[in-house]
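For reference, protein_12.csv is printed below; it contains CSV, C-alpha atoms.
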```csv
chain,number,residue,atom,x,y,z
U,1,MET,CA,120.7,-6.6,-113.4
U,2,ALA,CA,120.4,-9.9,-115.2
U,3,ALA,CA,117.3,-11.9,-114.3
U,4,GLN,CA,115.9,-15.1,-115.6
U,5,SER,CA,113.4,-14.8,-118.5
U,6,ALA,CA,109.7,-14.3,-117.8
U,7,THR,CA,110.3,-13.1,-114.2
U,8,SER,CA,109.6,-9.8,-112.6
U,9,ALA,CA,112.3,-7.5,-111.4
U,10,LYS,CA,110.4,-7.3,-108.1
U,11,ASP,CA,111.3,-11.0,-107.5
U,12,PHE,CA,115.0,-10.5,-107.8
U,13,PHE,CA,115.5,-9.7,-104.1
U,14,ARG,CA,113.0,-12.3,-102.8
U,15,PRO,CA,114.3,-15.4,-101.0
U,16,LEU,CA,114.4,-18.4,-103.4
U,17,ALA,CA,113.1,-20.8,-100.7
U,18,VAL,CA,110.6,-20.5,-97.9
U,19,GLY,CA,112.4,-19.6,-94.7
U,20,ALA,CA,115.7,-18.6,-96.4
U,21,PRO,CA,117.3,-15.4,-95.3
U,22,GLN,CA,116.4,-12.1,-97.1
U,23,PRO,CA,118.9,-11.5,-99.9
U,24,LEU,CA,121.2,-8.5,-99.6
U,25,ARG,CA,120.5,-5.4,-101.6
U,26,GLU,CA,124.1,-4.2,-101.5
U,27,ILE,CA,127.2,-6.3,-101.0
U,28,PRO,CA,129.2,-4.7,-98.2
U,29,PHE,CA,132.9,-4.1,-98.7
U,30,ARG,CA,135.0,-6.3,-96.4
U,31,PRO,CA,138.8,-6.1,-96.8
U,32,SER,CA,140.0,-9.1,-98.7
U,33,ARG,CA,143.4,-8.2,-99.9
U,34,ALA,CA,144.7,-11.8,-99.6
U,35,ILE,CA,142.4,-14.8,-100.1
U,36,HIS,CA,144.7,-17.4,-98.6
U,37,PHE,CA,144.1,-21.0,-99.9
U,38,PHE,CA,144.7,-24.1,-97.7
U,39,ASP,CA,144.0,-27.8,-98.2
U,40,PRO,CA,141.8,-29.0,-95.3
U,41,SER,CA,142.9,-32.6,-96.0
U,42,ASN,CA,146.5,-31.7,-95.3
U,43,ALA,CA,146.8,-32.1,-91.5
U,44,LYS,CA,150.0,-30.0,-91.3
U,45,MET,CA,148.4,-27.2,-93.3
U,46,ALA,CA,145.1,-27.4,-91.4
U,47,ALA,CA,146.9,-27.2,-88.1
U,48,LYS,CA,148.2,-23.7,-89.1
U,49,VAL,CA,144.8,-22.2,-89.8
U,50,PRO,CA,143.9,-21.1,-86.3
U,51,GLY,CA,147.2,-19.3,-86.0
U,52,MET,CA,146.6,-17.4,-89.3
U,53,VAL,CA,143.3,-15.9,-88.0
U,54,GLY,CA,143.8,-12.1,-87.9
U,55,THR,CA,146.9,-12.2,-90.0
U,56,VAL,CA,145.1,-12.6,-93.3
U,57,ASP,CA,141.8,-11.1,-94.5
U,58,VAL,CA,140.3,-14.4,-96.0
U,59,LEU,CA,141.1,-18.0,-95.3
U,60,LEU,CA,139.7,-20.3,-98.0
U,61,GLY,CA,139.3,-24.0,-97.6
U,62,ASN,CA,140.0,-25.4,-101.0
U,63,LEU,CA,138.1,-28.5,-102.1
U,64,GLU,CA,138.7,-28.4,-105.9
U,65,ASP,CA,141.9,-28.3,-107.9
U,66,ALA,CA,145.0,-29.3,-106.0
U,67,VAL,CA,143.0,-31.7,-103.9
U,68,LYS,CA,143.3,-35.3,-105.3
U,69,ALA,CA,140.1,-37.2,-106.0
U,70,ASP,CA,140.9,-39.7,-103.2
U,71,ASN,CA,141.1,-36.8,-100.7
U,72,LYS,CA,137.9,-34.9,-101.7
U,73,GLU,CA,135.9,-36.3,-98.8
U,74,ALA,CA,138.7,-35.8,-96.3
U,75,ALA,CA,139.1,-32.2,-97.4
U,76,ARG,CA,135.4,-31.6,-97.0
U,77,GLU,CA,135.3,-33.1,-93.5
U,78,GLY,CA,138.5,-31.4,-92.6
U,79,LEU,CA,136.9,-28.0,-93.4
U,80,VAL,CA,133.9,-28.9,-91.4
U,81,GLU,CA,136.1,-29.6,-88.4
U,82,ILE,CA,138.1,-26.4,-88.8
U,83,GLY,CA,134.9,-24.4,-89.2
U,84,ARG,CA,133.4,-25.9,-86.0
U,85,SER,CA,136.5,-25.5,-83.9
U,86,THR,CA,137.9,-22.1,-85.0
U,87,ASP,CA,136.9,-18.6,-83.9
U,88,PHE,CA,137.6,-16.6,-87.1
U,89,GLY,CA,137.2,-13.2,-85.5
U,90,PRO,CA,137.9,-10.6,-88.2
U,91,THR,CA,139.0,-13.1,-90.8
U,92,GLN,CA,136.5,-14.3,-93.3
U,93,LEU,CA,136.0,-18.1,-94.0
U,94,TRP,CA,135.5,-19.0,-97.7
U,95,THR,CA,135.5,-22.2,-99.6
U,96,ARG,CA,136.1,-23.2,-103.2
U,97,VAL,CA,133.8,-26.1,-103.9
U,98,ASN,CA,134.2,-28.6,-106.7
U,99,ALA,CA,133.1,-27.8,-110.2
U,100,LEU,CA,129.3,-27.9,-111.0
U,101,ASP,CA,129.9,-30.9,-113.4
U,102,SER,CA,131.8,-32.9,-110.8
U,103,PRO,CA,130.4,-35.7,-108.6
U,104,TRP,CA,131.4,-33.9,-105.4
U,105,VAL,CA,129.9,-30.5,-105.5
U,106,LEU,CA,126.4,-31.4,-104.3
U,107,ASP,CA,127.8,-33.1,-101.2
U,108,ASP,CA,130.2,-30.1,-100.7
U,109,LEU,CA,127.3,-27.6,-100.5
U,110,THR,CA,124.9,-29.7,-98.5
U,111,ARG,CA,127.5,-30.8,-96.0
U,112,LEU,CA,129.1,-27.4,-95.5
U,113,VAL,CA,126.0,-25.3,-95.3
U,114,GLY,CA,124.3,-27.8,-92.9
U,115,GLU,CA,127.3,-28.0,-90.6
U,116,ILE,CA,129.2,-24.7,-90.7
U,117,GLY,CA,126.9,-22.4,-92.7
U,118,ASP,CA,126.9,-19.9,-89.8
U,119,LYS,CA,130.7,-19.6,-90.2
U,120,LEU,CA,130.9,-19.6,-94.0
U,121,ASP,CA,131.0,-16.2,-95.6
U,122,VAL,CA,131.5,-17.0,-99.3
U,123,VAL,CA,131.3,-20.0,-101.6
U,124,MET,CA,133.6,-19.7,-104.6
U,125,VAL,CA,132.3,-21.5,-107.7
U,126,PRO,CA,134.9,-22.6,-110.3
U,127,LYS,CA,134.5,-22.6,-114.1
U,128,VAL,CA,131.3,-20.6,-114.2
U,129,GLN,CA,130.1,-20.5,-117.8
U,130,GLY,CA,127.0,-18.3,-117.5
U,131,ALA,CA,124.2,-17.0,-115.3
U,132,GLU,CA,122.5,-20.5,-115.3
U,133,ASP,CA,125.4,-21.8,-113.1
U,134,ILE,CA,124.8,-19.0,-110.6
U,135,HIS,CA,121.0,-19.6,-110.7
U,136,TYR,CA,121.5,-23.2,-109.8
U,137,VAL,CA,123.8,-22.5,-106.8
U,138,ASP,CA,121.6,-19.6,-105.7
U,139,ARG,CA,118.4,-21.8,-105.4
U,140,LEU,CA,120.3,-24.6,-103.8
U,141,LEU,CA,121.9,-22.4,-101.2
U,142,ALA,CA,118.5,-20.8,-100.3
U,143,GLN,CA,117.0,-24.3,-99.7
U,144,LEU,CA,120.0,-25.3,-97.6
U,145,GLU,CA,120.0,-22.1,-95.6
U,146,ALA,CA,116.3,-22.5,-94.9
U,147,LYS,CA,116.8,-26.1,-93.7
U,148,ALA,CA,119.8,-25.1,-91.5
U,149,GLY,CA,117.9,-22.1,-90.1
U,150,LEU,CA,120.5,-19.5,-91.1
U,151,ASP,CA,119.7,-15.9,-90.6
U,152,ARG,CA,122.1,-14.4,-93.3
U,153,PRO,CA,122.7,-15.4,-96.9
U,154,ILE,CA,126.0,-17.1,-97.9
U,155,LEU,CA,127.5,-15.1,-100.8
U,156,VAL,CA,128.8,-16.5,-104.1
U,157,HIS,CA,132.0,-15.7,-105.9
U,158,ALA,CA,132.6,-16.9,-109.4
U,159,ILE,CA,135.9,-17.8,-111.1
U,160,LEU,CA,136.4,-16.8,-114.7
U,161,GLU,CA,138.2,-19.8,-116.2
U,162,THR,CA,136.7,-20.3,-119.6
U,163,ALA,CA,136.2,-18.2,-122.7
U,164,ARG,CA,132.5,-18.6,-122.4
U,165,GLY,CA,132.6,-17.3,-118.9
U,166,VAL,CA,134.5,-14.2,-120.0
U,167,ALA,CA,132.0,-13.6,-122.8
U,168,ASN,CA,129.1,-13.9,-120.3
U,169,VAL,CA,130.8,-11.9,-117.5
U,170,GLU,CA,128.2,-9.2,-117.3
U,171,GLU,CA,125.3,-11.6,-116.9
U,172,ILE,CA,127.2,-13.7,-114.4
U,173,CYS,CA,127.8,-10.6,-112.2
U,174,GLY,CA,124.1,-9.7,-112.3
U,175,ALA,CA,122.7,-13.2,-111.9
U,176,SER,CA,122.0,-13.1,-108.2
U,177,PRO,CA,121.9,-10.8,-105.2
U,178,ARG,CA,124.4,-13.3,-103.7
U,179,MET,CA,127.2,-12.4,-106.1
U,180,GLN,CA,130.1,-11.1,-104.1
U,181,GLY,CA,132.8,-10.9,-106.7
U,182,LEU,CA,134.8,-12.5,-109.5
U,183,SER,CA,138.4,-13.9,-109.7
U,184,LEU,CA,140.5,-14.4,-112.7
U,185,GLY,CA,141.5,-18.1,-113.2
U,186,PRO,CA,144.5,-17.6,-115.6
U,187,ALA,CA,145.7,-21.2,-116.0
U,188,ASP,CA,142.3,-22.8,-116.9
U,189,LEU,CA,141.4,-19.8,-119.0
U,190,ALA,CA,144.7,-20.0,-120.9
U,191,ALA,CA,144.0,-23.6,-121.7
U,192,ASP,CA,140.4,-23.0,-122.8
U,193,ARG,CA,141.5,-20.1,-125.0
U,194,ARG,CA,144.4,-22.2,-126.4
U,195,MET,CA,146.8,-19.6,-125.3
U,196,LYS,CA,150.5,-20.7,-125.7
U,197,THR,CA,151.6,-20.3,-122.2
U,198,THR,CA,152.1,-22.9,-119.5
U,199,ARG,CA,152.5,-20.3,-116.7
U,200,VAL,CA,149.9,-19.9,-113.9
U,201,GLY,CA,149.3,-16.2,-114.1
U,202,GLY,CA,151.9,-13.5,-114.8
U,203,GLY,CA,153.4,-12.3,-118.0
U,204,HIS,CA,155.4,-14.1,-120.7
U,205,PRO,CA,158.7,-13.0,-122.3
U,206,GLY,CA,157.3,-13.7,-125.8
U,207,TYR,CA,154.4,-11.3,-125.4
U,208,LEU,CA,156.2,-8.0,-126.1
U,209,VAL,CA,156.5,-4.9,-128.2
U,210,ARG,CA,159.8,-3.7,-129.7
U,211,GLU,CA,161.0,-0.2,-130.3
U,212,ASP,CA,161.3,1.1,-133.8
U,213,PRO,CA,164.5,0.7,-135.9
U,214,PRO,CA,167.1,3.4,-135.1
U,215,SER,CA,167.0,5.0,-138.5
U,216,PRO,CA,163.6,6.7,-139.2
U,217,THR,CA,164.7,7.6,-142.8
U,218,ASP,CA,165.9,4.1,-143.7
U,219,PRO,CA,164.1,1.6,-141.4
U,220,ALA,CA,165.4,-1.4,-143.4
U,221,ALA,CA,169.0,-0.5,-142.5
U,222,GLY,CA,168.3,-0.8,-138.8
U,223,VAL,CA,166.0,-3.8,-138.5
U,224,ASP,CA,168.9,-5.9,-137.3
U,225,ALA,CA,170.1,-3.3,-134.8
U,226,ARG,CA,169.8,-4.0,-131.1
U,227,ARG,CA,166.4,-2.7,-130.0
U,228,ALA,CA,164.7,-2.6,-126.6
U,229,THR,CA,161.7,-4.8,-126.0
U,230,TYR,CA,159.0,-4.4,-123.4
U,231,GLN,CA,157.1,-7.3,-121.9
U,232,GLN,CA,153.3,-6.9,-122.0
U,233,ASP,CA,150.6,-8.1,-119.7
U,234,LEU,CA,148.7,-11.1,-121.1
U,235,TRP,CA,145.8,-10.5,-118.7
U,236,HIS,CA,145.2,-6.8,-119.1
U,237,TYR,CA,142.1,-7.2,-121.3
U,238,THR,CA,140.5,-9.8,-119.2
U,239,ILE,CA,141.1,-8.0,-115.9
U,240,ALA,CA,139.8,-4.7,-117.2
U,241,ARG,CA,136.7,-6.4,-118.6
U,242,MET,CA,136.1,-8.2,-115.3
U,243,VAL,CA,136.6,-4.9,-113.3
U,244,ASP,CA,134.0,-3.1,-115.4
U,245,ALA,CA,131.5,-5.9,-115.0
U,246,CYS,CA,132.0,-6.0,-111.3
U,247,ALA,CA,131.8,-2.2,-110.9
U,248,MET,CA,128.6,-2.2,-113.0
U,249,HIS,CA,126.9,-4.6,-110.5
U,250,GLY,CA,128.4,-3.4,-107.3
U,251,ILE,CA,130.6,-6.4,-106.6
U,252,TYR,CA,134.3,-7.0,-106.3
U,253,PRO,CA,137.1,-8.1,-108.7
U,254,TYR,CA,140.1,-10.1,-107.7
U,255,TYR,CA,143.3,-11.3,-109.4
U,256,GLY,CA,143.7,-15.1,-109.0
U,257,PRO,CA,146.8,-17.2,-108.4
U,258,PHE,CA,150.4,-16.4,-109.2
U,259,GLY,CA,152.0,-19.8,-109.6
U,260,ASP,CA,155.7,-19.0,-109.3
U,261,ILE,CA,156.0,-18.9,-105.5
U,262,ALA,CA,159.7,-18.1,-105.5
U,263,ASP,CA,159.4,-15.0,-107.7
U,264,VAL,CA,157.8,-12.6,-105.3
U,265,THR,CA,159.0,-9.6,-107.4
U,266,ALA,CA,157.0,-10.7,-110.4
U,267,CYS,CA,154.1,-11.6,-108.2
U,268,GLU,CA,154.1,-8.1,-106.7
U,269,ASP,CA,154.2,-6.6,-110.2
U,270,GLN,CA,151.2,-8.6,-111.3
U,271,PHE,CA,149.2,-7.9,-108.1
U,272,ARG,CA,150.0,-4.2,-108.4
U,273,ASN,CA,148.8,-4.1,-112.1
U,274,ALA,CA,145.5,-5.7,-110.9
U,275,PHE,CA,145.2,-3.2,-107.9
U,276,LEU,CA,145.7,-0.2,-110.2
U,277,LEU,CA,143.1,-1.5,-112.6
U,278,GLY,CA,140.6,-1.8,-109.8
U,279,CYS,CA,141.0,-5.2,-108.2
U,280,VAL,CA,140.6,-5.4,-104.4
U,281,GLY,CA,142.7,-8.5,-103.7
U,282,ALA,CA,144.3,-11.6,-105.0
U,283,TRP,CA,144.8,-15.3,-104.1
U,284,THR,CA,147.8,-16.3,-102.1
U,285,LEU,CA,149.1,-19.8,-102.3
U,286,HIS,CA,152.0,-19.5,-99.9
U,287,PRO,CA,152.6,-17.4,-96.8
U,288,LYS,CA,155.3,-15.3,-98.5
U,289,GLN,CA,152.6,-14.1,-101.0
U,290,VAL,CA,150.4,-12.9,-98.1
U,291,ASP,CA,152.7,-10.0,-97.2
U,292,VAL,CA,152.9,-9.1,-100.9
U,293,ALA,CA,149.1,-8.9,-101.2
U,294,ARG,CA,148.6,-7.0,-98.0
U,295,ARG,CA,151.1,-4.4,-99.1
U,296,VAL,CA,150.1,-4.1,-102.7
U,297,PHE,CA,146.3,-3.9,-102.1
U,298,SER,CA,146.7,-1.3,-99.4
U,299,PRO,CA,147.1,2.3,-100.5
U,300,SER,CA,150.5,3.8,-99.7
U,301,ALA,CA,150.8,6.4,-97.0
U,302,ASP,CA,151.9,9.0,-99.6
U,303,ASP,CA,148.9,8.3,-101.8
U,304,VAL,CA,146.5,8.5,-98.8
U,305,ALA,CA,148.1,11.8,-97.7
U,306,HIS,CA,147.7,13.3,-101.1
U,307,ALA,CA,144.1,12.1,-101.4
U,308,ARG,CA,143.3,13.7,-98.0
U,309,ARG,CA,144.8,17.0,-99.1
U,310,VAL,CA,142.6,17.0,-102.2
U,311,VAL,CA,139.5,16.2,-100.3
U,312,ALA,CA,140.2,19.0,-97.8
U,313,ALA,CA,141.0,21.5,-100.5
U,314,MET,CA,138.0,20.8,-102.6
U,315,GLY,CA,135.5,21.8,-100.0
U,316,ASP,CA,132.0,21.2,-101.4
U,317,GLY,CA,133.4,19.3,-104.3
U,318,THR,CA,132.7,21.8,-107.0
U,319,GLY,CA,135.1,24.0,-109.0
U,320,ALA,CA,138.8,23.3,-109.3
U,321,VAL,CA,141.9,24.0,-107.2
U,322,MET,CA,145.7,23.9,-107.8
U,323,LEU,CA,147.8,21.7,-105.6
U,324,ASP,CA,151.5,21.2,-106.2
U,325,GLY,CA,151.2,22.7,-109.6
U,326,LYS,CA,148.4,20.3,-110.7
U,327,MET,CA,144.8,21.0,-111.3
U,328,GLU,CA,142.4,19.0,-109.1
U,329,ASP,CA,138.6,19.1,-109.8
U,330,ASP,CA,135.5,17.1,-109.1
U,331,ALA,CA,136.8,14.0,-111.0
U,332,SER,CA,140.0,14.2,-109.0
U,333,LEU,CA,137.9,14.3,-105.8
U,334,LYS,CA,136.0,11.2,-106.7
U,335,GLN,CA,139.3,9.3,-107.3
U,336,CYS,CA,140.6,10.6,-104.0
U,337,LEU,CA,137.5,9.6,-102.1
U,338,VAL,CA,137.9,6.0,-103.3
U,339,MET,CA,141.5,6.1,-101.9
U,340,VAL,CA,140.5,7.7,-98.5
U,341,GLU,CA,137.5,5.3,-98.0
U,342,LEU,CA,139.7,2.3,-98.7
U,343,ALA,CA,142.3,3.5,-96.3
U,344,GLU,CA,139.8,4.0,-93.5
U,345,GLN,CA,138.3,0.5,-94.1
U,346,LEU,CA,141.7,-1.2,-94.0
U,347,ALA,CA,142.9,0.8,-91.0
U,348,ALA,CA,139.9,-0.4,-89.0
U,349,ILE,CA,141.2,-4.0,-89.2
U,350,ASP,CA,145.0,-3.5,-89.6
U,351,PRO,CA,146.8,-1.8,-86.7
U,352,GLU,CA,150.0,-1.4,-88.6
U,353,LEU,CA,148.3,0.4,-91.5
U,354,LYS,CA,146.3,2.6,-89.0
U,355,ALA,CA,149.6,3.7,-87.5
U,356,GLN,CA,151.0,4.6,-90.9
U,357,TYR,CA,147.9,6.5,-92.0
U,358,ASP,CA,147.6,8.3,-88.6
U,359,ALA,CA,151.2,9.4,-88.9
U,360,ILE,CA,150.8,11.2,-92.2
U,361,GLY,CA,149.5,14.7,-92.8
U,362,GLY,CA,146.5,15.2,-95.0
U,363,THR,CA,145.6,18.8,-95.1
U,364,ASP,CA,146.8,21.6,-97.3
U,365,ASP,CA,148.7,24.2,-95.3
```
Can the structure from this file be put into structure tokens for me?
Amino acid sequence: MAAQSATSAKDFFRPLAVGAPQPLREIPFRPSRAIHFFDPSNAKMAAKVPGMVGTVDVLLGNLEDAVKADNKEAAREGLVEIGRSTDFGPTQLWTRVNALDSPWVLDDLTRLVGEIGDKLDVVMVPKVQGAEDIHYVDRLLAQLEAKAGLDRPILVHAILETARGVANVEEICGASPRMQGLSLGPADLAADRRMKTTRVGGGHPGYLVREDPPSPTDPAAGVDARRATYQQDLWHYTIARMVDACAMHGIYPYYGPFGDIADVTACEDQFRNAFLLGCVGAWTLHPKQVDVARRVFSPSADDVAHARRVVAAMGDGTGAVMLDGKMEDDASLKQCLVMVELAEQLAAIDPELKAQYDAIGGTDD
């Protein structure tokens, strides 16, 4: 837990304003496989939002990048109107406010919390550099919640978009009880690191490894031979570090945007890499990416069936058993319990998944 200097750990879970809601001691898991972005200033896009309720885990009104400066106020007011008029049911409502060094962010927070704070689940803060950015938002939200008479705290989600933010990732995760999670912001992070890629997420054909020359006894004779290459993941290190920091503090990691909308195959690969490393969801910028995220960030029926078999076979969780020629022990059980718990949580909100999981076996005959 990261706390401000010269403060007591006892104060960490106290409200930062008189009358503000009591901070949460544990961030509950809510399925958020797809954080679907929309521009509230785009009338055509905004009109589709009510119809997407229940089809996507999170709807996020974007006020920052991709919204022109002339449209910032229209986007803010558009989100207020959508929040007032829409019953979101099982779908969460998030927003990405403008950067903390922008002239719009203060109005973003004061207006949204005051008008639709009871509907707003999470505020996504871009370009977070360190714990001090979260401390600022934390105190301001507490004051605004108290003024609006809210009875639950609005959570905070930080985007890793700078090298400094990545270097400070652990203290960012522990900066406030409001911290819900982190997202990777690959485009801005690439620019800040001076990486030589112009892609928004995903791999790069130049980032690769090459197999050895064909002649182990005379490598020089084979250096010009045709040799297989294998593209690597530019974001593996950052995602893994982000996942560890989130796990340490009991919050949730997400992959960010995949910019090549047409290449759903590569999008699925990148999302799956993030899922296997521990991420719980990703951003979706187009409806065709929503299906990809829902599929990838849901355990397969086969994986759930195997996990259930291990759980049933392990009994009290001690010792070891053999299943299908493989040893399963207490570490295996812990992995399988993660899978089973996630399947149950997703099945509770996704009837199609529930039918798939109900149809599979799960005990060792």
* **Nearest candidate to Ala247 of chain U (options U:Leu140, U:Leu277, U:Ile154, U:Met195; using only C-alpha atoms)** =>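 Counting only C-alpha atoms, the residue closest to Ala247 of chain U is U:Leu277.
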* To do: Measure the distance from atom CA of Val311 of chain U to atom CA of Leu346 of chain U in Å and round it to one decimal.
  =>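 These two atoms are separated by 18.6 Å.
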* Quick one: distance from atom CA of Leu24 of chain U to atom CA of Gly278 of chain U in Å, one decimal? ->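 Value for the atom CA of Leu24 of chain U-atom CA of Gly278 of chain U distance: 22.9 Å.
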* If you count only C-alpha atoms, which residues fall within 8 Å of segment 229-246 of chain U, apart from same-chain ones fewer than 5 positions away, as a list in words? ->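 The neighbour list is Val166, Val169, Glu170, Cys173, Gly181, Leu182, Leu184, Pro186, Gly202, Gly203, His204, Pro205, Gly206, Tyr207, Leu208, Val209, Arg210, Glu211, Ile251, Tyr252, Pro253, Tyr255, Ala274, Leu277, Gly278 and Cys279 of chain U.
The nearest approach to Asn168 of chain U among the residues U:Arg152, U:Arg14, U:Arg294, U:Lys127, with all atoms listed in the file taken into account, belongs to U:Lys127.
Near Val200 of chain U, within 7 Å and counting only C-alpha atoms, sit Pro186, Ala187, Pro257, Phe258 and Gly259 of chain U, not including residues fewer than 6 positions from it in the same chain.
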Produce a table with one row for each residue of segment 5-38 of chain U that has an atom at most 12 Å from any atom of segment 90-109 of chain U, each row naming the nearest atom pair and its distance in Å at one decimal; use only C-alpha atoms; arrange rows by chain and rising residue number; format as CSV.
```
residue,atom,partner,partner_atom,distance
U:Arg30,CA,U:Gln92,CA,8.7
U:Pro31,CA,U:Gln92,CA,9.2
U:Ser32,CA,U:Gln92,CA,8.3
U:Arg33,CA,U:Thr91,CA,11.2
U:Ala34,CA,U:Thr91,CA,10.6
U:Ile35,CA,U:Trp94,CA,8.4
U:His36,CA,U:Trp94,CA,9.4
U:Phe37,CA,U:Thr95,CA,8.7
U:Phe38,CA,U:Thr95,CA,9.6
```
Taking 2 positions as the minimum chain separation for residues in the same chain, which residues sit within 12 Å of segment 322-328 of chain U when counting only C-alpha atoms? Answer as a short mmCIF file (atom, residue, chain, number, x, y, z; two decimals) with C-alpha atoms, in the coordinates of the input.
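Result written to result.cif:
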```
data_model
loop_
_atom_site.label_atom_id
_atom_site.label_comp_id
_atom_site.auth_asym_id
_atom_site.auth_seq_id
_atom_site.Cartn_x
_atom_site.Cartn_y
_atom_site.Cartn_z
CA HIS U 306 147.70 13.30 -101.10
CA ALA U 307 144.10 12.10 -101.40
CA ARG U 308 143.30 13.70 -98.00
CA ARG U 309 144.80 17.00 -99.10
CA VAL U 310 142.60 17.00 -102.20
CA VAL U 311 139.50 16.20 -100.30
CA ALA U 312 140.20 19.00 -97.80
CA ALA U 313 141.00 21.50 -100.50
CA MET U 314 138.00 20.80 -102.60
CA GLY U 315 135.50 21.80 -100.00
CA GLY U 317 133.40 19.30 -104.30
CA THR U 318 132.70 21.80 -107.00
CA GLY U 319 135.10 24.00 -109.00
CA ALA U 320 138.80 23.30 -109.30
CA ASP U 330 135.50 17.10 -109.10
CA ALA U 331 136.80 14.00 -111.00
CA SER U 332 140.00 14.20 -109.00
CA LEU U 333 137.90 14.30 -105.80
CA LYS U 334 136.00 11.20 -106.70
CA GLN U 335 139.30 9.30 -107.30
CA CYS U 336 140.60 10.60 -104.00
CA THR U 363 145.60 18.80 -95.10
CA ASP U 364 146.80 21.60 -97.30
CA ASP U 365 148.70 24.20 -95.30
#
```
* With a distance cut-off of 7 Å and all atoms listed in the file, select the neighbouring residues of Arg76 of chain U, excluding the residue or stretch itself and same-chain residues fewer than 4 positions from it, and output the selection as JSON, numbers by chain. => {"U": [63, 72, 80, 108]}
* To do: Have a look at U:Arg226, U:Arg199, U:Arg272, U:Arg25 and name the one nearest to Gly250 of chain U; count all atoms listed in the file.
  =>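 Nearest candidate to Gly250 of chain U out of U:Arg226, U:Arg199, U:Arg272, U:Arg25: U:Arg25.
Going from atom CA of Leu155 of chain U over to atom CA of Gln180 of chain U, you cover 5.8 Å.
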* Asked: Which residue gives the smallest distance to Val56 of chain U among U:Val125, U:Ala163, U:Ala43, U:Ala282, with all atoms listed in the file counted?
  ->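 Closest candidate: U:Ala282.
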* Neighbours of segment 351-356 of chain U within 10 Å (only C-alpha atoms; same-chain residues fewer than 6 positions away dropped), as a VMD selection string? -> chain U and resid 294 to 295 298 to 302 304 343 to 345
Take the residues from that selection and put them in a file with C-alpha atoms, as a PDB file, in the coordinates of the input.
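So the final result, stored in part22.pdb, reads:
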```
ATOM      1  CA  ARG U 294     148.600  -7.000 -98.000  1.00  0.00           C
ATOM      2  CA  ARG U 295     151.100  -4.400 -99.100  1.00  0.00           C
ATOM      3  CA  SER U 298     146.700  -1.300 -99.400  1.00  0.00           C
ATOM      4  CA  PRO U 299     147.100   2.300-100.500  1.00  0.00           C
ATOM      5  CA  SER U 300     150.500   3.800 -99.700  1.00  0.00           C
ATOM      6  CA  ALA U 301     150.800   6.400 -97.000  1.00  0.00           C
ATOM      7  CA  ASP U 302     151.900   9.000 -99.600  1.00  0.00           C
ATOM      8  CA  VAL U 304     146.500   8.500 -98.800  1.00  0.00           C
ATOM      9  CA  ALA U 343     142.300   3.500 -96.300  1.00  0.00           C
ATOM     10  CA  GLU U 344     139.800   4.000 -93.500  1.00  0.00           C
ATOM     11  CA  GLN U 345     138.300   0.500 -94.100  1.00  0.00           C
TER      12      GLN U 345
END
```
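Closest approach to Gly19 of chain U among U:Leu342, U:Leu150, U:Ala175, U:Ala190 is made by U:Leu150 (distances from only C-alpha atoms).
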